[in-house]
Structure formats: structure tokens, C-alpha cells
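Undergrad: The following block contains the structure, expressed as C-alpha cells.
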Amino acid sequence: MPGRLDGKVVLVSGAARGMGEADARVCAREGAAVVLGDVLLAEGEAVAASIVADGGRAAFVQLDVSSAEDWKRAVAVAVDEFGGLDGLVNNAGICPTENIEQTTLESWQRVLAVNQTGTFLGMQTALPALRAAGSGSIVNVSSVMSFCGGQGGIAAAYAATKGAIQAMSKGAAMEFGRDAIRVNSIHPGTIDTPMAAAAGGPVDGDARRAFQAMSPLNREGTPEEVAATVLFLLSDESAFITGSEVVVDGGFSTH
Ligand SMILES: NC(=O)c1ccc[n+]([C@@H]2O[C@H](COP(=O)([O-])OP(=O)(O)OC[C@H]3O[C@@H](n4cnc5c(N)ncnc54)[C@H](O)[C@@H]3O)[C@@H](O)[C@H]2O)c1
């Protein structure tokens, strides 16, 4: 069976665990060569090694998405080791749970540097390689918090960056369309990852059940359910979709 990403090269940021790991694994299973970037070196190396052990093509690169130099190195790995770049998943993110009153200027600036500047730098640095490939797809990971203010405003800086990613993706879709490069944002609800656990999302007991009840499907999502959407947006199956906001939240944002 041909893979849905056969012949493509995809770069995933924040690929050492959680949704980025699931994205990298599904891309490799569907035939792409995958560059995994992260600040978690041992974990990222291990995921790349396990993809290769399963017969896939993968390389890990140290990538702090707030660093322009790191981005240049990551794109160079895709071009030098795998011959180019066709897809970029700007997935890396951090989520301190502080409301506006609690947020220090230092924390605010770090969240913007990683989530917002990281996404900008990723798109800007990948652009020449995507253009050289003749077409491309960028998936920027936003959140339902770009629409609905989070769980009682517990993550003010985070929500601000996710709204910025949504807006920036639309502008990029307009700017890059002439080069046949598509840009879409995805908006997950609560997904069962280390981030959600740390933010007090999927926890045991009453709090977990109350949170699940906020979604019509009455549960949190899995990283694989989000990766399935990322795969679709990276593949040629979504060839006429750009500038869209794809919500993957079990219906959480319906209310
Ligand atoms: N889990 C959720 O409920 C949820 C919901 C909506 C959106 N998101 C978004 O999905 C994305 C993935 O989140 P997750 O839940 O898998 O989180 P996670 O914390 O499990 O994984 C995030 C990954 O990003 C990496 N990372 C953090 N800072 C980095 C940096 N400066 N440079 C490179 N890598 C860095 C981490 O090391 C980690 O491997 C994030 O953008 C997050 O905001 C998560």
C-alpha cells in the first residue's frame, strides 16, 4: 500500500513526546522522512531511534524554537540528510497556568518566545526550502483557547499566543499561497499528554470527570487523534485547504 506521505520530508518541532511524537510517528509510518526537533535531547533521540528501528526514516536535531540559529540547523538537516522539505509542523509549546494577575513579565515573554516567535521563526526559516520543493504544507498548532479563553483564564499568556498563531497562520496562507505552500492552524481541545497533565487537565477523580463532561464526546482526546488531522493537512488529500482553522476538540468549543 502506498503511504499518504510517500516521498515527502517533514519537520516536526516538539517531537520528543506528546502530540509531536505522535505526529512524527504517523508521518514516518505514511512514508515521510521525518526530522524531529526538541529541547529534550535524550527523549527526542529515543523517539527517532525507535522510528528507524521500525523501518522509518528519521533524524533528531536539537531545536529550541525560540532560536533562529537552531531553526537554520534543523532545516539544514532536512535538506542535507533527506534532500529537501515538504512539510512543517510547528507543534512545540509551553503552557504555564497563570492568569493575567499572576503572570510575571519574564514568564509572559518566555511563553511568547516559544509559542509565538517559535512559530514565526519556523515558518520564516522553512520557507526557502518549501519554495524550492515546489509546494508545501505548514501546520501550526494553536488551541481551542484561541476561541474560548481557556478554563477560567488560567493560562493568559498561553491563550494570547494561541490567538496570535491563529491570526499569523491566515496571513501566512495569503503570503505563501502563490508558492503553492498551504498554511493551516489546528485547535486541539484537551489532549492526554504530559502538558495537559501538568496543566491540571486529564487528572483522576471528580475534576477529570467534570472536565470531560464539558465536551459532547465526554472525554479528552489522544495524541493520535490529533496526529490523524495533522497527517491529513500535510498530505495532498488536503490540496485545496489553506488558511483554515481545524478544530479537534471533541466538541469542547461548541459552548
Ligand atoms: N495537550 C493539550 O491539551 C493541548 C491542547 C491544545 C493545544 N496544545 C498544543 O499542542 C502542542 C503540543 O503539546 P503537548 O500537549 O504534546 O505538550 P507536551 O508538553 O507533552 O509536548 C511539548 C513538546 O514541546 C517541547 N518544547 C517545549 N519548549 C520547546 C522549545 N523551546 N523548543 C523546542 N521544543 C520545545 C517539549 O520538550 C515537548 O517535547 C503545544 O503547542 C500545545 O500548546 C496542547
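Residue names in the C-alpha cells use chain letters A, B, ... in the order shown, residue numbers from 1 in each chain, and ligand numbers from 1 in the order shown.
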Return as a VMD selection string the full set of residues in segment 139-181 of chain A whose backbone-based DSSP assignment is strand (DSSP E).

TA: chain A and resid 139 to 141 181

Undergrad: Convert the current residue selection to file output with N, CA and C atoms, as a short mmCIF file (atom, residue, chain, number, x, y, z; two decimals), in the first residue's frame.

TA:
data_model
loop_
_atom_site.label_atom_id
_atom_site.label_comp_id
_atom_site.auth_asym_id
_atom_site.auth_seq_id
_atom_site.Cartn_x
_atom_site.Cartn_y
_atom_site.Cartn_z
N VAL A 139 1.58 23.19 9.21
CA VAL A 139 0.52 23.04 10.20
C VAL A 139 0.99 23.71 11.48
N ASN A 140 0.27 24.74 11.90
CA ASN A 140 0.61 25.46 13.12
C ASN A 140 -0.34 25.04 14.23
N VAL A 141 0.23 24.59 15.35
CA VAL A 141 -0.61 24.06 16.42
C VAL A 141 -1.03 25.21 17.35
N ILE A 181 2.27 26.92 -1.21
CA ILE A 181 2.52 26.47 0.17
C ILE A 181 1.26 26.77 0.99
#

Undergrad: Can you tell me which residues sit at most 6 Å away from ligand 1, counting only C-alpha atoms and all ligand atoms, written as a PyMOL selection string?

TA: chain A and resi 13-20+38-40+63-66+91-94+114+141-143+188-196

Undergrad: Please determine, counting only C-alpha atoms, which residue among A:Ile241, A:Ala228, A:Leu41, A:Ala199 has the shortest atom-to-atom distance to Tyr158 of chain A.

TA: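 Going through A:Ile241, A:Ala228, A:Leu41, A:Ala199 one by one, the smallest distance to Tyr158 of chain A is for A:Ala199.
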
Undergrad: Give the answer as one residue: which of A:Val12, A:Ala22, A:Ala46, A:Pro2 has the shortest atom-to-atom distance to Thr222 of chain A, using only C-alpha atoms?

TA: A:Ala22

Undergrad: In terms of the shortest atom-to-atom distance over only C-alpha atoms, which of A:Val248, A:Cys27, A:Ala213, A:Ala133 is closest to Gly83 of chain A?

TA: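 Residue with the minimum atom-to-atom distance to Gly83 of chain A: A:Ala133.
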
Undergrad: Output as a VMD selection string all residues of segment 102-170 of chain A that backbone DSSP marks as alpha helix (DSSP H).

TA: chain A and resid 105 to 111 118 to 133 145 to 148 156 to 170

Undergrad: Kindly export the residues of the current selection with N, CA and C atoms, as a short mmCIF file (atom, residue, chain, number, x, y, z; two decimals), in the first residue's frame.

TA:
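That gives us result-v6.cif:
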data_model
loop_
_atom_site.label_atom_id
_atom_site.label_comp_id
_atom_site.auth_asym_id
_atom_site.auth_seq_id
_atom_site.Cartn_x
_atom_site.Cartn_y
_atom_site.Cartn_z
N LEU A 105 6.34 39.43 33.97
CA LEU A 105 6.79 39.85 32.64
C LEU A 105 7.73 38.81 32.04
N GLU A 106 8.57 38.23 32.89
CA GLU A 106 9.52 37.22 32.42
C GLU A 106 8.80 35.98 31.87
N SER A 107 7.77 35.53 32.59
CA SER A 107 7.01 34.36 32.15
C SER A 107 6.27 34.69 30.85
N TRP A 108 5.64 35.86 30.79
CA TRP A 108 4.92 36.31 29.59
C TRP A 108 5.84 36.26 28.37
N GLN A 109 7.07 36.81 28.55
CA GLN A 109 7.98 36.90 27.42
C GLN A 109 8.50 35.52 26.99
N ARG A 110 8.67 34.61 27.95
CA ARG A 110 9.14 33.26 27.59
C ARG A 110 8.06 32.51 26.79
N VAL A 111 6.80 32.65 27.23
CA VAL A 111 5.72 31.96 26.51
C VAL A 111 5.61 32.52 25.08
N GLY A 118 8.49 31.27 18.13
CA GLY A 118 8.93 29.96 17.61
C GLY A 118 8.18 29.59 16.33
N THR A 119 6.88 29.86 16.30
CA THR A 119 6.08 29.55 15.11
C THR A 119 6.45 30.46 13.95
N PHE A 120 6.65 31.74 14.26
CA PHE A 120 7.09 32.69 13.23
C PHE A 120 8.44 32.27 12.65
N LEU A 121 9.40 31.98 13.52
CA LEU A 121 10.74 31.60 13.04
C LEU A 121 10.70 30.31 12.22
N GLY A 122 9.88 29.38 12.65
CA GLY A 122 9.76 28.12 11.92
C GLY A 122 9.29 28.36 10.50
N MET A 123 8.23 29.15 10.36
CA MET A 123 7.69 29.41 9.01
C MET A 123 8.72 30.17 8.17
N GLN A 124 9.31 31.19 8.78
CA GLN A 124 10.25 32.03 8.02
C GLN A 124 11.47 31.22 7.57
N THR A 125 12.00 30.38 8.45
CA THR A 125 13.22 29.64 8.12
C THR A 125 12.93 28.52 7.12
N ALA A 126 11.76 27.91 7.23
CA ALA A 126 11.43 26.79 6.33
C ALA A 126 11.06 27.27 4.93
N LEU A 127 10.64 28.52 4.81
CA LEU A 127 10.07 29.00 3.55
C LEU A 127 10.95 28.74 2.31
N PRO A 128 12.25 29.08 2.33
CA PRO A 128 13.04 28.84 1.11
C PRO A 128 13.08 27.37 0.69
N ALA A 129 13.17 26.47 1.66
CA ALA A 129 13.22 25.03 1.34
C ALA A 129 11.87 24.55 0.82
N LEU A 130 10.77 25.03 1.42
CA LEU A 130 9.44 24.64 0.94
C LEU A 130 9.22 25.17 -0.48
N ARG A 131 9.66 26.39 -0.71
CA ARG A 131 9.52 27.00 -2.04
C ARG A 131 10.33 26.20 -3.07
N ALA A 132 11.51 25.79 -2.68
CA ALA A 132 12.37 25.02 -3.59
C ALA A 132 11.73 23.68 -3.94
N ALA A 133 10.91 23.13 -3.01
CA ALA A 133 10.25 21.85 -3.28
C ALA A 133 9.10 22.01 -4.27
N MET A 145 -8.12 27.35 23.01
CA MET A 145 -8.01 28.57 23.82
C MET A 145 -7.90 29.82 22.96
N SER A 146 -7.67 29.67 21.67
CA SER A 146 -7.69 30.86 20.80
C SER A 146 -9.12 31.34 20.58
N PHE A 147 -10.10 30.46 20.86
CA PHE A 147 -11.52 30.85 20.68
C PHE A 147 -12.20 31.16 22.00
N CYS A 148 -11.80 30.44 23.07
CA CYS A 148 -12.71 30.46 24.22
C CYS A 148 -12.06 30.78 25.57
N ALA A 156 -3.11 32.84 30.72
CA ALA A 156 -3.31 34.08 29.97
C ALA A 156 -2.32 34.24 28.82
N ALA A 157 -1.03 34.07 29.10
CA ALA A 157 -0.03 34.25 28.06
C ALA A 157 -0.19 33.17 26.98
N TYR A 158 -0.47 31.96 27.43
CA TYR A 158 -0.66 30.83 26.50
C TYR A 158 -1.80 31.14 25.53
N ALA A 159 -2.95 31.56 26.05
CA ALA A 159 -4.11 31.85 25.20
C ALA A 159 -3.77 32.96 24.21
N ALA A 160 -3.02 33.97 24.68
CA ALA A 160 -2.64 35.08 23.80
C ALA A 160 -1.80 34.57 22.63
N THR A 161 -0.86 33.66 22.92
CA THR A 161 -0.01 33.15 21.82
C THR A 161 -0.80 32.27 20.87
N LYS A 162 -1.78 31.54 21.39
CA LYS A 162 -2.53 30.65 20.52
C LYS A 162 -3.43 31.46 19.58
N GLY A 163 -3.95 32.60 20.09
CA GLY A 163 -4.70 33.51 19.21
C GLY A 163 -3.79 34.10 18.14
N ALA A 164 -2.57 34.44 18.54
CA ALA A 164 -1.62 35.01 17.58
C ALA A 164 -1.27 33.99 16.49
N ILE A 165 -1.12 32.73 16.89
CA ILE A 165 -0.80 31.68 15.90
C ILE A 165 -1.93 31.54 14.89
N GLN A 166 -3.17 31.62 15.39
CA GLN A 166 -4.33 31.53 14.50
C GLN A 166 -4.31 32.66 13.47
N ALA A 167 -4.08 33.88 13.93
CA ALA A 167 -4.08 35.04 13.03
C ALA A 167 -2.88 34.99 12.07
N MET A 168 -1.71 34.63 12.63
CA MET A 168 -0.49 34.60 11.81
C MET A 168 -0.61 33.54 10.72
N SER A 169 -1.30 32.45 11.00
CA SER A 169 -1.45 31.37 10.02
C SER A 169 -2.26 31.86 8.82
N LYS A 170 -3.28 32.66 9.10
CA LYS A 170 -4.09 33.18 7.99
C LYS A 170 -3.25 34.11 7.11
#

Undergrad: Near segment 29-32 of chain A, counting only C-alpha atoms, which residues have an atom at most 6 Å away, once you skip same-chain residues fewer than 6 positions from it, shown as a PyMOL selection string?

TA: chain A and resi 3-6+8-9

Undergrad: Determine, counting only C-alpha atoms, which protein, DNA and RNA residues have an atom within 8 Å of an atom of Arg73 of chain A; residues of the same chain fewer than 4 positions away are not included. Present the result as a list in words.

TA: Val61, Glu69 and Val77 of chain A

Undergrad: Using N, CA and C atoms, can you export the residues from the last selection as a short mmCIF file (atom, residue, chain, number, x, y, z; two decimals), in the first residue's frame?

TA:
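And here's again.cif as it stands now:
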data_model
loop_
_atom_site.label_atom_id
_atom_site.label_comp_id
_atom_site.auth_asym_id
_atom_site.auth_seq_id
_atom_site.Cartn_x
_atom_site.Cartn_y
_atom_site.Cartn_z
N VAL A 61 17.17 16.47 15.84
CA VAL A 61 18.04 17.64 15.91
C VAL A 61 17.66 18.46 17.14
N GLU A 69 19.02 30.47 15.11
CA GLU A 69 20.15 29.62 14.71
C GLU A 69 19.75 28.14 14.73
N VAL A 77 19.26 20.07 8.32
CA VAL A 77 19.25 18.61 8.47
C VAL A 77 18.27 17.99 7.47
#

Undergrad: Could you tell me how far atom CA of Val10 of chain A lies from atom CA of Gly251 of chain A, in Å and to one decimal?

TA: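 Atom-to-atom, atom CA of Val10 of chain A and atom CA of Gly251 of chain A are spaced 28.8 Å apart.
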
Undergrad: I'd like a table as JSON lines: residues in segment 115-145 of chain A with an atom no more than 9 Å from segment 229-234 of chain A, each row giving the shortest atom pair and its distance in Å to one decimal, only C-alpha atoms counted, sorted by chain and rising residue number.

TA:
{"residue": "A:Gly136", "atom": "CA", "partner": "A:Leu234", "partner_atom": "CA", "distance": 7.9}
{"residue": "A:Ser137", "atom": "CA", "partner": "A:Leu234", "partner_atom": "CA", "distance": 5.4}
{"residue": "A:Ile138", "atom": "CA", "partner": "A:Leu234", "partner_atom": "CA", "distance": 7.2}
{"residue": "A:Val139", "atom": "CA", "partner": "A:Val230", "partner_atom": "CA", "distance": 6.8}

Undergrad: Emit the selected residues as a tab-separated table (two decimals), in the first residue's frame, including N, CA, C and O atoms.

TA:
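Saved to again-v2.tsv:
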chain	number	residue	atom	x	y	z
A	136	GLY	N	4.17	22.96	-0.59
A	136	GLY	CA	4.42	22.55	0.79
A	136	GLY	C	3.19	22.75	1.66
A	136	GLY	O	2.19	23.32	1.23
A	137	SER	N	3.29	22.24	2.89
A	137	SER	CA	2.19	22.38	3.84
A	137	SER	C	2.76	22.68	5.22
A	137	SER	O	3.66	21.97	5.70
A	138	ILE	N	2.23	23.72	5.84
A	138	ILE	CA	2.62	24.08	7.21
A	138	ILE	C	1.40	23.90	8.10
A	138	ILE	O	0.30	24.38	7.77
A	139	VAL	N	1.58	23.19	9.21
A	139	VAL	CA	0.52	23.04	10.20
A	139	VAL	C	0.99	23.71	11.48
A	139	VAL	O	2.00	23.31	12.07

Undergrad: Which residue gives the smallest distance to Gly153 of chain A among A:Asp80, A:Asp179, A:Glu101, A:Asp86, with only C-alpha atoms counted?

TA: A:Glu101
